[in-house]
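Engineer: Sharing query.tsv below, TSV, C-alpha atoms:
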chain	number	residue	atom	x	y	z
A	1	MET	CA	0.00	0.00	0.00
A	2	PRO	CA	1.48	3.38	-0.95
A	3	ALA	CA	2.40	5.54	2.02
A	4	ALA	CA	0.25	8.38	0.70
A	5	SER	CA	-2.88	6.24	1.18
A	6	ALA	CA	-2.49	6.79	4.95
A	7	PHE	CA	-3.10	10.52	4.49
A	8	LYS	CA	-6.67	11.86	4.51
A	9	PRO	CA	-6.72	15.13	2.51
A	10	LYS	CA	-9.81	16.30	4.45
A	11	GLY	CA	-8.68	14.99	7.82
A	12	THR	CA	-7.96	16.68	11.14
A	13	TYR	CA	-4.69	15.63	12.78
A	14	ASP	CA	-3.85	16.25	16.44
A	15	CYS	CA	-0.09	16.49	17.07
A	16	SER	CA	1.64	15.51	20.28
A	17	VAL	CA	5.02	14.74	21.80
A	18	LEU	CA	5.70	11.44	23.57
A	19	GLN	CA	7.32	11.54	27.00
A	20	ALA	CA	9.61	8.53	26.68
A	21	PHE	CA	9.83	7.69	30.37
A	22	THR	CA	6.09	7.87	31.08
A	23	GLY	CA	4.70	6.73	27.72
A	24	ILE	CA	2.24	9.64	27.86
A	25	ARG	CA	1.60	11.87	24.85
A	26	VAL	CA	1.43	15.64	25.44
A	27	TYR	CA	-0.80	17.56	23.02
A	28	VAL	CA	0.87	20.42	21.08
A	29	THR	CA	-1.17	21.55	18.06
A	30	THR	CA	-3.67	20.53	15.36
A	31	PHE	CA	-3.62	20.56	11.56
A	32	GLU	CA	-6.86	20.62	9.58
A	33	PHE	CA	-6.51	19.63	5.92
A	34	LYS	CA	-8.99	20.83	3.30
A	35	ALA	CA	-9.75	20.48	-0.40
A	36	HIS	CA	-7.49	22.02	-3.03
A	37	HIS	CA	-4.32	21.34	-0.99
A	38	LYS	CA	-5.16	23.83	1.76
A	39	TYR	CA	-4.56	23.43	5.48
A	40	SER	CA	-5.06	25.34	8.74
A	41	ASN	CA	-3.12	25.16	11.98
A	42	GLY	CA	-4.43	25.91	15.47
A	43	LEU	CA	-5.72	24.37	18.69
A	44	ARG	CA	-8.20	21.53	18.73
A	45	GLY	CA	-11.86	22.27	19.30
A	46	HIS	CA	-15.04	20.21	19.35
A	47	GLY	CA	-15.71	17.78	16.54
A	48	ASN	CA	-13.38	18.47	13.63
A	49	ALA	CA	-13.23	22.22	14.26
A	50	LEU	CA	-10.23	24.30	15.26
A	51	SER	CA	-10.41	26.55	18.29
A	52	GLY	CA	-8.27	29.56	17.41
A	53	LYS	CA	-6.49	29.39	14.08
A	54	VAL	CA	-2.79	30.23	14.07
A	55	SER	CA	-2.30	30.18	10.31
A	56	THR	CA	-3.60	28.90	6.98
A	57	GLY	CA	-1.57	27.74	4.02
A	58	ARG	CA	-1.18	25.51	1.02
A	59	TYR	CA	0.84	22.35	0.46
A	60	LYS	CA	1.84	19.86	-2.21
A	61	LEU	CA	2.42	16.10	-2.07
A	62	VAL	CA	5.91	14.96	-3.06
A	63	GLY	CA	6.02	11.18	-2.84
A	64	SER	CA	5.24	10.35	0.80
A	65	LYS	CA	5.88	13.91	2.00
A	66	ILE	CA	3.55	16.83	2.63
A	67	VAL	CA	5.61	19.85	1.60
A	68	PRO	CA	4.24	23.26	2.67
A	69	LEU	CA	4.05	26.12	0.19
A	70	SER	CA	2.87	28.64	2.80
A	71	GLY	CA	1.49	28.79	6.33
A	72	ARG	CA	2.90	27.70	9.68
A	73	LEU	CA	4.82	24.68	8.40
A	74	LYS	CA	6.53	26.82	5.77
A	75	GLN	CA	7.48	29.43	8.39
A	76	LEU	CA	9.06	26.72	10.56
A	77	HIS	CA	10.80	25.06	7.59
A	78	GLU	CA	9.11	21.78	8.44
A	79	SER	CA	7.40	19.05	6.42
A	80	LEU	CA	5.26	16.01	7.20
A	81	LEU	CA	6.25	12.44	6.38
A	82	ILE	CA	3.23	10.22	5.69
A	83	GLN	CA	3.68	6.97	7.62
A	84	THR	CA	1.32	4.04	8.14
A	85	GLY	CA	-0.13	5.33	11.41
A	86	ASP	CA	0.78	9.01	11.61
A	87	LEU	CA	2.21	12.13	10.03
A	88	ALA	CA	5.74	12.56	11.35
A	89	VAL	CA	6.99	16.15	11.55
A	90	MET	CA	10.45	16.57	9.99
A	91	ASP	CA	12.83	19.52	10.22
A	92	SER	CA	14.51	21.42	7.38
A	93	LYS	CA	17.26	18.77	7.12
A	94	GLY	CA	14.81	15.89	6.84
A	95	HIS	CA	15.40	14.69	10.41
A	96	PHE	CA	12.56	13.42	12.58
A	97	THR	CA	11.41	15.78	15.30
A	98	SER	CA	9.66	14.45	18.41
A	99	LEU	CA	6.24	15.52	17.09
A	100	GLY	CA	3.72	13.06	15.64
A	101	CYS	CA	0.27	13.87	14.23
A	102	TYR	CA	-2.62	11.38	14.41
A	103	LEU	CA	-5.91	11.40	12.55
A	104	ARG	CA	-8.81	12.45	14.73
A	105	SER	CA	-11.89	10.22	14.67
A	106	SER	CA	-15.38	11.16	15.90
A	107	GLY	CA	-14.11	14.34	17.50
A	108	THR	CA	-11.44	12.69	19.64
A	109	SER	CA	-7.69	12.48	19.33
A	110	THR	CA	-6.38	9.04	18.40
A	111	THR	CA	-3.07	7.25	18.65
A	112	PRO	CA	-1.83	4.45	16.42
A	113	THR	CA	-2.79	0.92	17.30
A	114	THR	CA	-1.82	-2.39	15.76
A	115	PRO	CA	-2.74	-5.92	16.78
A	116	PRO	CA	-0.83	-6.94	19.92
A	117	SER	CA	2.42	-8.72	19.31
A	118	THR	CA	1.56	-12.26	20.37
A	119	PRO	CA	4.12	-15.05	19.96
A	120	PRO	CA	3.03	-18.56	18.98
A	121	PRO	CA	1.64	-20.73	21.82
A	122	GLY	CA	4.41	-22.05	24.05
A	123	THR	CA	6.84	-19.31	23.04
A	124	PRO	CA	8.07	-16.98	25.83
A	125	GLN	CA	6.94	-13.36	25.50
A	126	PHE	CA	9.60	-10.83	24.53
A	127	PRO	CA	10.05	-8.51	27.56
A	128	LEU	CA	8.56	-5.08	26.92
A	129	GLY	CA	9.87	-1.76	28.17
A	130	ASN	CA	12.93	0.41	27.71
A	131	TYR	CA	16.17	-0.95	26.20
A	132	THR	CA	19.46	0.97	26.33
A	133	CYS	CA	21.67	0.20	23.35
A	134	TYR	CA	25.41	0.34	22.63
A	135	HIS	CA	27.82	-0.49	19.83
A	136	THR	CA	31.56	-0.87	19.29
A	137	VAL	CA	33.54	0.88	16.55
A	138	ARG	CA	37.03	-0.09	15.35
A	139	GLN	CA	39.33	2.93	15.26
A	140	PRO	CA	41.92	3.63	12.51
A	141	ASN	CA	44.73	2.54	14.88
A	142	GLY	CA	43.10	-0.87	15.36
A	143	SER	CA	41.70	-0.23	18.85
A	144	TYR	CA	38.01	-0.54	19.72
A	145	ASP	CA	35.72	2.03	21.28
A	146	SER	CA	32.37	1.08	22.82
A	147	GLN	CA	29.74	3.76	23.30
A	148	PHE	CA	26.06	4.46	23.90
A	149	GLN	CA	24.03	4.50	20.69
A	150	THR	CA	20.28	4.80	21.28
A	151	THR	CA	17.28	3.67	23.30
A	152	VAL	CA	14.33	1.57	22.15
A	153	TYR	CA	11.01	1.31	24.00
A	154	PHE	CA	8.48	-1.44	23.18
A	155	TRP	CA	4.75	-1.39	23.99
A	156	ASN	CA	2.31	-4.31	23.92
A	157	ASP	CA	0.09	-2.68	21.25
A	158	GLY	CA	2.73	-3.33	18.59
A	159	THR	CA	4.21	0.19	18.65
A	160	TYR	CA	7.72	1.23	19.58
A	161	LEU	CA	9.89	4.29	20.04
A	162	THR	CA	13.56	4.92	19.31
A	163	GLN	CA	15.50	7.91	20.56
A	164	GLY	CA	14.83	10.98	18.43
A	165	SER	CA	11.71	9.53	16.80
A	166	ILE	CA	8.04	9.29	17.75
A	167	ARG	CA	6.01	6.40	19.08
A	168	GLY	CA	4.47	4.45	16.23
A	169	GLY	CA	5.74	1.98	13.68
A	170	ALA	CA	4.99	-1.69	14.04
A	171	TRP	CA	6.83	-4.69	15.47
A	172	SER	CA	5.97	-8.32	16.10
A	173	GLN	CA	7.62	-11.36	17.64
A	174	HIS	CA	8.29	-14.57	15.69
A	175	GLY	CA	10.13	-16.95	17.97
A	176	ASN	CA	13.23	-15.04	19.07
A	177	THR	CA	13.07	-12.69	16.09
A	178	ILE	CA	11.66	-9.19	16.46
A	179	ASP	CA	10.46	-7.96	13.06
A	180	PHE	CA	9.84	-4.32	12.19
A	181	THR	CA	7.44	-3.42	9.39
A	182	ALA	CA	7.21	0.37	9.87
A	183	GLY	CA	8.66	3.21	11.90
A	184	SER	CA	12.20	4.39	12.53
A	185	ASN	CA	13.74	0.88	12.35
A	186	TRP	CA	12.09	0.15	8.99
A	187	SER	CA	11.98	3.36	7.03
A	188	ASP	CA	13.09	4.23	3.52
A	189	ALA	CA	13.22	7.88	4.59
A	190	GLY	CA	15.73	7.03	7.33
A	191	TYR	CA	17.53	4.33	5.34
A	192	ARG	CA	16.94	1.84	8.14
A	193	HIS	CA	15.88	-1.76	7.52
A	194	ASP	CA	16.66	-3.53	10.76
A	195	VAL	CA	15.68	-6.77	12.44
A	196	GLY	CA	16.08	-7.70	16.10
A	197	THR	CA	17.08	-10.89	17.88
A	198	TRP	CA	16.01	-11.63	21.43
A	199	VAL	CA	18.70	-13.52	23.37
A	200	PRO	CA	17.05	-14.50	26.70
A	201	GLY	CA	20.31	-15.74	28.22
A	202	GLY	CA	22.28	-12.70	27.14
A	203	VAL	CA	25.25	-12.31	24.82
A	204	ALA	CA	28.45	-10.26	25.01
A	205	MET	CA	29.20	-7.46	22.55
A	206	PRO	CA	32.31	-8.43	20.54
A	207	ASN	CA	35.42	-6.30	21.07
A	208	ALA	CA	33.69	-4.36	23.85
A	209	SER	CA	35.84	-1.86	25.69
A	210	GLY	CA	35.79	0.01	28.98
A	211	SER	CA	32.87	-0.55	31.34
A	212	MET	CA	31.04	-2.57	28.68
A	213	THR	CA	33.62	-5.37	28.67
A	214	GLY	CA	31.89	-8.56	29.78
A	215	SER	CA	28.41	-7.01	29.89
A	216	GLN	CA	25.52	-9.14	28.68
A	217	TYR	CA	22.83	-7.94	26.26
A	218	THR	CA	19.46	-9.57	25.58
A	219	PHE	CA	18.41	-7.74	22.41
A	220	VAL	CA	20.54	-7.31	19.26
A	221	LEU	CA	19.74	-5.14	16.22
A	222	ARG	CA	21.27	-5.64	12.78
A	223	SER	CA	20.50	-4.36	9.29
A	224	THR	CA	19.03	-6.56	6.56
A	225	ARG	CA	20.75	-4.64	3.75
A	226	SER	CA	24.44	-4.64	2.93
A	227	ASN	CA	24.66	-0.93	2.09
A	228	GLU	CA	23.45	0.26	5.49
A	229	LEU	CA	25.38	1.20	8.61
A	230	ASN	CA	24.51	1.80	12.24
A	231	PRO	CA	23.82	-1.07	12.63
A	232	PRO	CA	25.54	-2.92	9.78
A	233	MET	CA	24.46	-6.13	8.09
A	234	SER	CA	27.82	-7.76	8.93
A	235	GLU	CA	29.89	-6.90	11.98
A	236	PHE	CA	33.24	-5.11	11.56
A	237	ALA	CA	33.14	-5.18	7.77
A	238	GLY	CA	33.58	-2.42	5.22
A	239	SER	CA	35.22	0.98	5.50
A	240	TYR	CA	33.49	1.82	8.78
A	241	PRO	CA	33.89	-1.32	10.93
A	242	GLU	CA	31.39	-1.53	13.77
A	243	SER	CA	29.35	-4.07	15.69
A	244	TYR	CA	25.64	-4.68	15.65
A	245	THR	CA	23.58	-2.69	18.17
A	246	TYR	CA	23.50	-4.48	21.55
A	247	CYS	CA	20.71	-3.58	24.00
A	248	ARG	CA	19.70	-4.40	27.56
A	249	ARG	CA	16.67	-3.49	29.68
Could you show the structure in this file as structure tokens?

Structural biologist:
Amino acid sequence: MPAASAFKPKGTYDCSVLQAFTGIRVYVTTFEFKAHHKYSNGLRGHGNALSGKVSTGRYKLVGSKIVPLSGRLKQLHESLLIQTGDLAVMDSKGHFTSLGCYLRSSGTSTTPTTPPSTPPPGTPQFPLGNYTCYHTVRQPNGSYDSQFQTTVYFWNDGTYLTQGSIRGGAWSQHGNTIDFTAGSNWSDAGYRHDVGTWVPGGVAMPNASGSMTGSQYTFVLRSTRSNELNPPMSEFAGSYPESYTYCRR
């Protein structure tokens, strides 16, 4: 399904920021889209109405992006990436901000939901919650440097959050494999096509240095494409040798 099919050109989208440690979304603003590529920005009101307009403007669709031609988004040099469950606000450099916009239904603000990630009968459930992730990079002199890389938070509704992104996307468990089908870990816009492996007994990060030497990690991220880095498809290969991403709760 094309990404643009997730966008309703006459929809009202409430935008909010996720507080990573509480899992609570904090409302920020609302966009109301209209016919003829027009939109308004303001505060949410009753039904699909805006209570206090801040600006009006026009936009165009460029692939899976909503590119403003005028109005508030144009003033802020921002655009909207059309994803499966939301409109992700992006800055002038194409980086994700922490703001996500969700289609309002029946006068209420909604958040993305997907079927719960349920493993096959008899399979242990992947532990949900916050994972702190690290990786190791080989330096030009042959030494290794281990460092913090990101955080990943998993919820039981099939959504997840990585540092610097918004809650959304989609993940599911198949045995000890954690598959991503949308969001920051599976995004053409971010050049990320990753898959996770749950290691219940823990595994060490190869060539770990400093305080991470000997530490055990229960979740490992790797890319599924050879031309991607951070994490790579193969460890310590290519011109920028680094490990997979190793995470622990």

Engineer: So how far away is CA of Pro231 in chain A from CA of Phe219 in chain A, in Å?

Structural biologist: 13.0 Å

Engineer: Within 8 Å of Arg58 in chain A, counting all atoms listed in the file, which residues qualify if same-chain residues fewer than 6 places away don't, as a PyMOL selection string?

Structural biologist: chain A and resi 37-39+68-71

Engineer: Counting all atoms listed in the file, which residue out of A:Leu50, A:Cys133, A:Val199, A:Leu128 sits closest to Asp157 in chain A?

Structural biologist: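 Checking each of A:Leu50, A:Cys133, A:Val199, A:Leu128 against Asp157 in chain A, counting all atoms listed in the file, the winner is A:Leu128.
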
Engineer: What's the separation between CA of Gly142 in chain A and CA of Pro241 in chain A, in Å to one decimal place?

Structural biologist: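 CA of Pro241 in chain A lies 10.2 Å from CA of Gly142 in chain A.
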
Engineer: Provide the CA of Gly94 in chain A to CA of Val67 in chain A distance in Å, to one decimal place.

Structural biologist: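 Answer for the CA of Gly94 in chain A to CA of Val67 in chain A separation: 11.3 Å.
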
Engineer: Ranking A:Arg72, A:His193, A:Arg138, A:Lys93 by minimum distance to Thr181 in chain A and counting all atoms listed in the file, which one comes first?

Structural biologist: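 Using all atoms listed in the file, the shortest distance to Thr181 in chain A belongs to A:His193.
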
Engineer: Could you name the residues that touch Pro127 in chain A at 10 Å or less, counting all atoms listed in the file, but leaving out those on the same chain fewer than 6 positions away, as a PDB file with C-alpha atoms, in the frame of the given file?

Structural biologist:
ATOM      1  CA  PHE A 154       8.480  -1.440  23.180  1.00  0.00           C
ATOM      2  CA  TRP A 155       4.750  -1.390  23.990  1.00  0.00           C
ATOM      3  CA  ASN A 156       2.310  -4.310  23.920  1.00  0.00           C
ATOM      4  CA  TRP A 198      16.010 -11.630  21.430  1.00  0.00           C
ATOM      5  CA  PRO A 200      17.050 -14.500  26.700  1.00  0.00           C
ATOM      6  CA  THR A 218      19.460  -9.570  25.580  1.00  0.00           C
ATOM      7  CA  PHE A 219      18.410  -7.740  22.410  1.00  0.00           C
ATOM      8  CA  ARG A 249      16.670  -3.490  29.680  1.00  0.00           C
TER       9      ARG A 249
END

Engineer: Rank nothing, just name the residue among A:Thr136, A:Ser209, A:Ser226, A:Asn185 nearest to Thr245 in chain A, using all atoms listed in the file.

Structural biologist: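 Closest candidate: A:Thr136.
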